[in-house]
$ cat query.csv   # CSV, C-alpha atoms
chain,number,residue,atom,x,y,z
A,10,MET,CA,-80.1,65.6,-136.4
A,11,ILE,CA,-83.6,64.1,-136.2
A,12,ASP,CA,-83.8,60.7,-134.6
A,13,LEU,CA,-87.2,59.4,-135.5
A,14,ASN,CA,-86.2,55.9,-134.2
A,15,LYS,CA,-86.6,57.2,-130.6
A,16,MET,CA,-90.2,58.2,-131.2
A,17,LYS,CA,-92.1,55.2,-129.7
A,18,LEU,CA,-95.7,54.5,-129.2
A,19,ASN,CA,-95.9,55.0,-125.4
A,20,ARG,CA,-98.7,57.6,-125.0
A,21,ILE,CA,-100.4,59.9,-122.7
A,22,TYR,CA,-104.1,59.2,-123.3
A,23,LEU,CA,-106.7,61.8,-122.6
A,24,ASN,CA,-109.4,59.7,-120.8
A,25,PHE,CA,-112.3,61.3,-122.5
A,26,MET,CA,-110.9,60.4,-125.9
A,27,LEU,CA,-109.8,56.8,-125.3
A,28,VAL,CA,-111.0,54.5,-128.0
A,29,LEU,CA,-111.0,50.9,-126.7
A,30,GLY,CA,-109.2,48.3,-128.7
A,31,LEU,CA,-107.5,50.9,-131.0
A,32,THR,CA,-103.8,50.6,-131.6
A,33,LEU,CA,-102.1,53.2,-133.8
A,34,ALA,CA,-98.7,52.0,-134.8
A,35,ILE,CA,-96.3,54.7,-135.9
A,36,PRO,CA,-93.5,53.1,-138.0
A,37,PHE,CA,-90.0,54.6,-138.0
A,38,GLY,CA,-86.8,53.2,-139.3
A,39,SER,CA,-83.5,54.1,-141.0
A,40,ALA,CA,-84.1,53.0,-144.5
A,41,ALA,CA,-84.9,55.5,-147.3
A,42,ALA,CA,-88.4,55.4,-148.8
A,43,ALA,CA,-88.4,53.9,-152.2
A,44,ALA,CA,-91.0,56.3,-153.7
A,45,SER,CA,-90.2,59.6,-155.3
A,46,THR,CA,-91.7,62.8,-153.8
A,47,VAL,CA,-93.7,65.6,-155.3
A,48,GLU,CA,-93.1,69.2,-154.1
A,49,SER,CA,-96.1,71.5,-153.8
A,50,SER,CA,-97.1,74.8,-152.3
A,51,LEU,CA,-98.9,75.2,-149.0
A,52,HIS,CA,-102.1,73.4,-148.6
A,53,LYS,CA,-105.0,75.7,-147.9
A,54,PRO,CA,-107.7,74.8,-145.3
A,55,LEU,CA,-110.4,72.7,-146.9
A,56,ARG,CA,-113.4,74.7,-148.1
A,57,SER,CA,-117.0,73.4,-148.1
A,58,ASP,CA,-119.3,76.0,-149.5
A,59,ALA,CA,-121.2,76.9,-152.6
A,60,VAL,CA,-123.1,79.8,-154.1
A,61,LEU,CA,-125.8,79.1,-156.7
A,62,LYS,CA,-128.5,81.3,-158.3
A,63,ILE,CA,-131.9,80.3,-159.5
A,64,GLY,CA,-131.9,79.9,-163.3
A,65,SER,CA,-128.1,80.3,-163.6
A,66,THR,CA,-125.9,77.8,-165.4
A,67,SER,CA,-122.9,78.9,-163.2
A,68,ALA,CA,-122.1,78.0,-159.6
A,69,VAL,CA,-119.1,78.8,-157.3
A,70,VAL,CA,-118.2,75.6,-155.4
A,71,ASN,CA,-115.3,75.7,-152.8
A,72,GLY,CA,-114.1,78.9,-154.4
A,73,MET,CA,-114.1,77.6,-158.0
A,74,THR,CA,-116.6,78.3,-160.8
A,75,MET,CA,-118.3,75.4,-162.5
A,76,THR,CA,-121.0,75.0,-165.2
A,77,VAL,CA,-124.2,73.4,-163.9
A,78,GLN,CA,-127.7,72.4,-164.9
A,79,PRO,CA,-129.7,75.5,-163.8
A,80,VAL,CA,-131.2,75.4,-160.3
A,81,TYR,CA,-135.0,75.9,-160.3
A,82,GLU,CA,-137.9,76.0,-157.9
A,83,LYS,CA,-141.1,74.0,-158.2
A,84,ASN,CA,-144.0,73.8,-155.7
A,85,GLY,CA,-141.8,75.5,-153.1
A,86,VAL,CA,-138.9,72.9,-153.5
A,87,THR,CA,-135.5,74.0,-154.9
A,88,MET,CA,-134.1,71.3,-157.2
A,89,ALA,CA,-130.3,71.3,-158.0
A,90,PRO,CA,-127.8,69.2,-159.8
A,91,VAL,CA,-126.2,66.6,-157.6
A,92,ASN,CA,-122.7,67.2,-159.0
A,93,VAL,CA,-122.6,70.5,-157.0
A,94,LEU,CA,-123.0,68.6,-153.8
A,95,ILE,CA,-120.6,65.9,-154.8
A,96,ARG,CA,-117.9,68.5,-155.4
A,97,MET,CA,-118.7,70.7,-152.4
A,98,PHE,CA,-118.9,67.9,-149.8
A,99,ARG,CA,-116.3,65.8,-151.5
A,100,LEU,CA,-118.6,62.8,-151.8
A,101,ASP,CA,-117.9,59.4,-153.2
A,102,TYR,CA,-120.9,58.3,-155.3
A,103,ASN,CA,-122.3,55.5,-157.4
A,104,TYR,CA,-125.2,55.3,-159.8
A,105,ASP,CA,-126.9,52.0,-160.7
A,106,GLN,CA,-128.5,52.6,-164.0
A,107,LYS,CA,-130.4,49.3,-164.0
A,108,ASN,CA,-132.1,49.9,-160.7
A,109,ARG,CA,-132.2,53.7,-161.2
A,110,SER,CA,-130.6,54.1,-157.7
A,111,PHE,CA,-127.7,56.1,-156.4
A,112,TRP,CA,-125.8,56.7,-153.2
A,113,PHE,CA,-123.4,59.3,-151.8
A,114,LYS,CA,-120.7,58.5,-149.2
A,115,THR,CA,-118.9,61.1,-147.2
A,116,ARG,CA,-115.1,61.2,-147.2
A,117,LEU,CA,-114.6,63.8,-144.4
A,118,PHE,CA,-115.8,64.5,-140.8
A,119,GLU,CA,-117.8,61.4,-140.2
A,120,GLN,CA,-119.0,58.3,-142.0
A,121,GLN,CA,-122.4,58.6,-143.7
A,122,GLN,CA,-124.0,57.1,-146.8
A,123,LEU,CA,-127.3,58.4,-148.3
A,124,SER,CA,-129.2,56.2,-150.8
A,125,PHE,CA,-132.1,57.1,-153.1
A,126,LYS,CA,-134.0,55.9,-156.2
A,127,LEU,CA,-135.0,58.1,-159.1
A,128,GLY,CA,-138.7,58.9,-159.0
A,129,GLU,CA,-139.1,58.0,-155.3
A,130,ARG,CA,-139.2,60.3,-152.3
A,131,LYS,CA,-137.9,57.7,-149.8
A,132,GLY,CA,-134.3,58.1,-148.7
A,133,GLU,CA,-132.0,56.0,-146.5
A,134,SER,CA,-129.1,57.1,-144.3
A,135,ASN,CA,-126.4,54.8,-142.9
A,136,ASN,CA,-123.7,56.0,-140.6
A,137,GLY,CA,-122.2,52.6,-140.0
A,138,LEU,CA,-124.0,52.1,-136.7
A,139,LYS,CA,-127.7,52.8,-137.6
A,140,ILE,CA,-129.8,52.8,-140.7
A,141,ARG,CA,-132.8,55.2,-140.9
A,142,THR,CA,-135.2,56.3,-143.5
A,143,PHE,CA,-136.5,59.7,-144.3
A,144,THR,CA,-138.9,61.4,-146.8
A,145,LEU,CA,-137.7,63.9,-149.4
A,146,SER,CA,-139.7,67.0,-150.3
A,147,ALA,CA,-139.6,65.9,-154.0
A,148,ALA,CA,-138.4,62.8,-155.8
A,149,PRO,CA,-134.9,62.9,-157.5
A,150,PHE,CA,-135.0,62.7,-161.3
A,151,GLU,CA,-132.7,63.0,-164.4
A,152,LYS,CA,-132.7,66.1,-166.6
A,153,LYS,CA,-130.4,66.4,-169.6
A,154,GLY,CA,-127.9,64.0,-168.2
A,155,SER,CA,-127.9,65.6,-164.7
A,156,LEU,CA,-129.4,64.0,-161.5
A,157,MET,CA,-131.6,66.7,-159.9
A,158,VAL,CA,-132.3,66.4,-156.2
A,159,PRO,CA,-134.2,68.5,-153.6
A,160,LEU,CA,-131.4,70.8,-152.4
A,161,ARG,CA,-132.3,71.6,-148.9
A,162,ASP,CA,-133.1,68.0,-148.0
A,163,ILE,CA,-129.8,66.7,-149.1
A,164,VAL,CA,-127.7,69.6,-147.6
A,165,GLU,CA,-129.3,69.2,-144.2
A,166,GLN,CA,-128.9,65.4,-144.3
A,167,LEU,CA,-125.2,65.9,-144.8
A,168,GLY,CA,-125.1,68.3,-141.9
A,169,GLY,CA,-124.8,71.5,-143.9
A,170,LYS,CA,-126.7,74.8,-143.7
A,171,ILE,CA,-128.5,76.6,-146.5
A,172,SER,CA,-129.8,80.2,-146.9
A,173,TYR,CA,-131.7,81.9,-149.7
A,174,ASP,CA,-131.9,85.6,-150.6
A,175,ALA,CA,-135.2,86.2,-152.3
A,176,LYS,CA,-134.1,89.5,-153.7
A,177,THR,CA,-131.1,88.3,-155.6
A,178,LYS,CA,-132.3,84.7,-155.9
A,179,GLU,CA,-129.0,83.6,-154.6
A,180,ILE,CA,-128.5,80.3,-152.6
A,181,ARG,CA,-125.6,79.9,-150.2
A,182,ILE,CA,-124.6,76.6,-148.8
A,183,LYS,CA,-122.1,76.0,-145.9
A,184,GLY,CA,-120.8,72.5,-145.2
A,185,VAL,CA,-120.4,70.9,-141.9
A,186,ASP,CA,-117.6,72.4,-139.8
A,187,LYS,CA,-116.6,70.3,-136.8
A,188,PRO,CA,-113.9,71.9,-134.7
A,189,VAL,CA,-110.7,69.8,-134.0
A,190,THR,CA,-109.0,72.0,-131.4
A,191,ASP,CA,-110.2,73.4,-128.1
A,192,SER,CA,-110.9,77.2,-128.1
A,193,LYS,CA,-109.6,77.7,-124.6
A,194,TYR,CA,-107.0,75.2,-123.4
A,195,ARG,CA,-103.4,74.6,-124.7
A,196,ILE,CA,-100.9,71.8,-123.9
A,197,GLY,CA,-97.2,72.2,-123.9
A,198,ASP,CA,-93.8,71.2,-122.6
A,199,SER,CA,-91.9,73.8,-120.6
A,200,SER,CA,-88.7,71.8,-120.7
A,201,ASN,CA,-88.6,71.8,-124.5
A,202,SER,CA,-90.4,75.1,-125.0
A,203,TRP,CA,-93.4,74.3,-127.2
A,204,SER,CA,-97.2,74.5,-126.9
A,205,ILE,CA,-100.2,73.7,-129.0
A,206,ALA,CA,-104.0,73.9,-128.8
A,207,ALA,CA,-105.6,71.0,-126.9
A,208,PRO,CA,-107.9,68.6,-128.7
A,209,LYS,CA,-111.6,69.6,-128.8
A,210,GLY,CA,-113.4,68.8,-125.5
A,211,PHE,CA,-110.2,68.7,-123.4
A,212,LYS,CA,-110.7,68.6,-119.6
A,213,PRO,CA,-107.7,69.6,-117.4
A,214,GLU,CA,-108.5,66.9,-114.9
A,215,SER,CA,-108.2,64.2,-117.5
A,216,LEU,CA,-104.6,64.9,-118.3
A,217,ALA,CA,-102.8,61.7,-117.3
A,218,LYS,CA,-99.3,61.4,-115.7
A,219,LYS,CA,-96.5,61.7,-118.2
A,220,GLU,CA,-94.9,58.4,-119.1
A,221,ASP,CA,-91.3,57.7,-120.2
A,222,CYS,CA,-91.4,58.2,-124.0
A,223,ASP,CA,-87.7,58.8,-124.8
A,224,GLY,CA,-88.4,62.5,-125.1
A,225,CYS,CA,-91.7,62.3,-127.0
A,226,PHE,CA,-95.2,63.0,-126.0
A,227,ALA,CA,-98.5,61.9,-127.6
A,228,ILE,CA,-102.1,62.9,-127.6
A,229,SER,CA,-105.1,61.2,-129.1
A,230,GLY,CA,-108.4,62.5,-130.3
A,231,SER,CA,-111.3,61.8,-132.6
A,232,ALA,CA,-112.7,63.7,-135.6
A,233,GLY,CA,-116.1,62.4,-136.3
A,234,ASP,CA,-115.8,58.6,-136.2
A,235,ARG,CA,-112.1,58.5,-137.0
A,236,PRO,CA,-109.4,58.5,-134.3
A,237,TYR,CA,-106.1,60.3,-134.8
A,238,SER,CA,-102.9,60.8,-132.8
A,239,LEU,CA,-100.2,63.5,-132.7
A,240,ILE,CA,-96.7,62.6,-131.5
A,241,PHE,CA,-94.3,65.3,-130.5
A,242,SER,CA,-90.5,64.9,-130.4
A,243,VAL,CA,-87.7,67.5,-129.8
A,244,SER,CA,-84.1,67.0,-130.6
A,245,GLU,CA,-81.1,69.3,-130.8
A,246,SER,CA,-78.7,70.2,-133.7
A,247,SER,CA,-75.6,72.3,-133.7
A,248,SER,CA,-76.2,73.0,-137.4
A,249,SER,CA,-78.8,75.3,-138.9
A,250,LEU,CA,-80.8,73.2,-141.3
A,251,THR,CA,-83.1,74.4,-144.1
A,252,PRO,CA,-86.6,73.1,-144.5
A,253,LYS,CA,-85.4,71.2,-147.5
A,254,GLN,CA,-82.7,69.5,-145.5
A,255,LEU,CA,-85.2,68.7,-142.7
A,256,GLN,CA,-87.4,67.1,-145.3
A,257,GLU,CA,-84.6,65.0,-146.8
A,258,GLU,CA,-83.7,63.7,-143.3
A,259,THR,CA,-87.3,62.8,-142.6
A,260,ILE,CA,-87.6,60.8,-145.8
A,261,ALA,CA,-84.3,59.1,-145.3
A,262,GLN,CA,-85.5,57.6,-142.0
A,263,LEU,CA,-88.8,56.2,-143.2
A,264,LYS,CA,-89.3,52.5,-143.5
A,265,PRO,CA,-89.1,51.0,-147.0
A,266,SER,CA,-92.8,49.9,-146.7
A,267,GLN,CA,-93.9,53.6,-146.3
A,268,VAL,CA,-94.9,55.3,-149.6
A,269,VAL,CA,-94.2,59.0,-149.8
A,270,MET,CA,-97.4,60.5,-151.2
A,271,GLU,CA,-96.2,64.1,-151.2
A,272,SER,CA,-93.6,66.4,-149.8
A,273,ARG,CA,-94.1,70.1,-149.4
A,274,PHE,CA,-93.3,73.2,-147.3
A,275,ALA,CA,-96.0,74.9,-145.2
A,276,LYS,CA,-95.8,78.4,-143.8
A,277,GLN,CA,-97.5,78.6,-140.4
A,278,PRO,CA,-97.4,81.2,-137.6
A,279,ALA,CA,-94.4,79.3,-136.0
A,280,GLY,CA,-92.4,79.5,-139.3
A,281,GLU,CA,-91.9,77.3,-142.4
A,282,PHE,CA,-92.4,73.6,-141.8
A,283,SER,CA,-91.1,70.7,-143.9
A,284,VAL,CA,-94.1,68.4,-144.5
A,285,VAL,CA,-93.9,64.7,-145.7
A,286,SER,CA,-97.1,62.7,-146.2
A,287,THR,CA,-96.9,58.9,-146.3
A,288,SER,CA,-99.1,55.8,-146.4
A,289,TRP,CA,-98.5,52.2,-145.6
A,290,ASN,CA,-100.4,49.0,-145.2
A,291,ASN,CA,-101.1,48.1,-141.6
A,292,ALA,CA,-102.4,44.7,-140.5
A,293,PHE,CA,-106.1,45.6,-140.9
A,294,SER,CA,-106.0,49.1,-142.5
A,295,ILE,CA,-104.1,51.7,-144.5
A,296,GLN,CA,-102.4,54.2,-142.2
A,297,TYR,CA,-101.7,57.8,-143.2
A,298,ASN,CA,-98.9,59.7,-141.5
A,299,GLU,CA,-97.9,63.3,-142.0
A,300,TYR,CA,-94.5,64.5,-140.6
A,301,TRP,CA,-94.2,68.2,-139.8
A,302,THR,CA,-90.7,69.4,-138.9
A,303,ILE,CA,-89.3,72.8,-138.0
A,304,GLN,CA,-86.1,74.2,-136.5
A,305,ALA,CA,-86.0,77.0,-134.0
A,306,GLY,CA,-82.6,77.9,-132.7
A,307,LYS,CA,-80.8,74.6,-131.8
A,308,ARG,CA,-84.1,72.7,-131.3
A,309,ILE,CA,-85.7,70.6,-134.0
A,310,TYR,CA,-89.5,70.0,-133.4
A,311,SER,CA,-91.1,67.0,-135.1
A,312,ILE,CA,-94.8,66.4,-135.0
A,313,VAL,CA,-96.4,63.2,-136.6
A,314,ILE,CA,-100.1,63.3,-137.3
A,315,SER,CA,-101.4,59.8,-137.8
A,316,GLN,CA,-104.8,58.4,-138.9
A,317,ASP,CA,-106.0,55.0,-139.9
A,318,ASN,CA,-108.4,54.2,-142.8
A,319,TYR,CA,-110.3,51.3,-141.1
A,320,GLY,CA,-112.2,50.7,-144.3
A,321,ASN,CA,-114.0,54.1,-144.2
A,322,GLY,CA,-112.8,55.4,-147.5
A,323,ARG,CA,-110.3,58.1,-148.5
A,324,ILE,CA,-109.4,60.3,-145.6
A,325,VAL,CA,-106.4,62.3,-146.8
A,326,GLY,CA,-108.4,65.4,-146.9
A,327,GLU,CA,-109.6,64.9,-143.3
A,328,ARG,CA,-106.1,64.3,-142.1
A,329,ASP,CA,-105.0,67.5,-143.8
A,330,ARG,CA,-107.9,69.3,-142.0
A,331,ILE,CA,-106.8,67.9,-138.6
A,332,ALA,CA,-103.1,68.8,-139.3
A,333,LEU,CA,-103.8,72.4,-140.3
A,334,ALA,CA,-106.1,73.0,-137.4
A,335,PHE,CA,-103.4,72.0,-134.9
A,336,MET,CA,-100.3,73.3,-136.7
A,337,GLU,CA,-101.8,76.8,-137.0
A,338,THR,CA,-101.7,76.9,-133.2
A,339,PHE,CA,-98.2,75.4,-132.7
A,340,LYS,CA,-95.7,77.6,-131.0
A,341,THR,CA,-92.0,77.1,-130.3
A,342,SER,CA,-92.4,78.8,-126.9
A,343,PHE,CA,-94.0,78.1,-123.6
A,344,HIS,CA,-95.7,80.9,-121.6
A,345,SER,CA,-95.8,79.7,-118.0
A,346,GLY,CA,-98.1,82.6,-116.9
A,347,ASP,CA,-101.0,81.3,-119.0
A,348,PRO,CA,-103.6,79.6,-116.6
A,349,ASN,CA,-105.1,77.7,-119.5
A,350,LEU,CA,-101.8,76.2,-120.6
A,351,PHE,CA,-101.1,72.8,-119.1
A,352,ASP,CA,-97.5,71.6,-118.8
A,353,ILE,CA,-96.9,68.0,-119.7
A,354,TYR,CA,-93.4,68.2,-118.1
A,355,GLU,CA,-94.9,68.6,-114.7
A,356,ASN,CA,-97.5,65.8,-115.1
$ encode --input "query.csv" --output "structure tokens"
Amino acid sequence: MIDLNKMKLNRIYLNFMLVLGLTLAIPFGSAAAAASTVESSLHKPLRSDAVLKIGSTSAVVNGMTMTVQPVYEKNGVTMAPVNVLIRMFRLDYNYDQKNRSFWFKTRLFEQQQLSFKLGERKGESNNGLKIRTFTLSAAPFEKKGSLMVPLRDIVEQLGGKISYDAKTKEIRIKGVDKPVTDSKYRIGDSSNSWSIAAPKGFKPESLAKKEDCDGCFAISGSAGDRPYSLIFSVSESSSSLTPKQLQEETIAQLKPSQVVMESRFAKQPAGEFSVVSTSWNNAFSIQYNEYWTIQAGKRIYSIVISQDNYGNGRIVGERDRIALAFMETFKTSFHSGDPNLFDIYEN
């Protein structure tokens, strides 16, 4: 049986990722969550790409076709409808008709807000720490109900890349892609037989001594400007439980204040996981937790991915991106001969 009550907040911090003043509280309890759950299929990795064609009313954005105001070129500047970028980059946005001004705000990767006025080439960028101004290649304007913007300028301000095929008149846009996991190092526990990719930027010498955590181990990282934590716990069961049963046990042990946003099953290289996504109001923020659980033999592996809102807008998509990046690398095994695999049990 899974005992989530034993999973405490004692952590092993990776020094290079320590965020001063941050406390991520992971709530566990024995009461059942009051909210009902929704079952869905496996979440796919978040896409951030688009294909447009000069003069075409059709565009493919994140794999889906949408009808758009035609893209066109004038004086060497490609103008495109802003709704393509809103959907592709998953932007929050607002338009002030009185002042003829609008802004975009990123939901994923890192905080950034871009502000403009129709008919003016001046733009403003605000990442929460610094405000800077820049000049657009052409002024935004309205055309048949669509806001048209200089495509390359906006894409590059959002950290994306753009390419153009003069022969086919096809424009390809690729959104920002900031790796979450390290491409070389892994972290694992030889005593409980599991391993997972280390956070991006991991340095072996920064792995701290293992603290008493009642059988759990935690790592912290940061994606853009938003910290996250992963807590690992292993228990044993004499019964063979289905993913559905694992899911029901996870939900039964949540606190009443936790709202179950979604429950689903996810097939990963390690096998089929039960996944339960929750939210709850912390003292100064909304906290999003995602519980991934799988059984291998007599061992039940539970991984909690946690991320706080801290007033930076909706981050569910970003939490999913972090979760998928790590869980695709999770193994219910430990290969002691791997020189790039660091054993937390021995530290």
$ atom_distance --input "query.csv" --atom1 "atom CA of A:Pro208" --atom2 "atom CA of A:Tyr237"
10.5 Å
$ closest_residue --input "query.csv" --among "A:Ala207, A:Ala334, A:Ile240, A:Val60" --to "A:Thr177" --atoms "only C-alpha atoms"
A:Val60
$ residues_near_point --input "query.csv" --point "(-129.0, 61.0, -145.7)" --cutoff "6 Å" --atoms "all atoms listed in the file" --output "PDB file with C-alpha atoms, in the frame of the given file"
ATOM      1  CA  LEU A 123    -127.300  58.400-148.300  1.00  0.00           C
ATOM      2  CA  GLU A 133    -132.000  56.000-146.500  1.00  0.00           C
ATOM      3  CA  SER A 134    -129.100  57.100-144.300  1.00  0.00           C
ATOM      4  CA  GLN A 166    -128.900  65.400-144.300  1.00  0.00           C
TER       5      GLN A 166
END
$ atom_distance --input "query.csv" --atom1 "atom CA of A:Leu61" --atom2 "atom CA of A:Gln106"
27.6 Å
$ atom_distance --input "query.csv" --atom1 "atom CA of A:Ser146" --atom2 "atom CA of A:Asp162"
7.1 Å
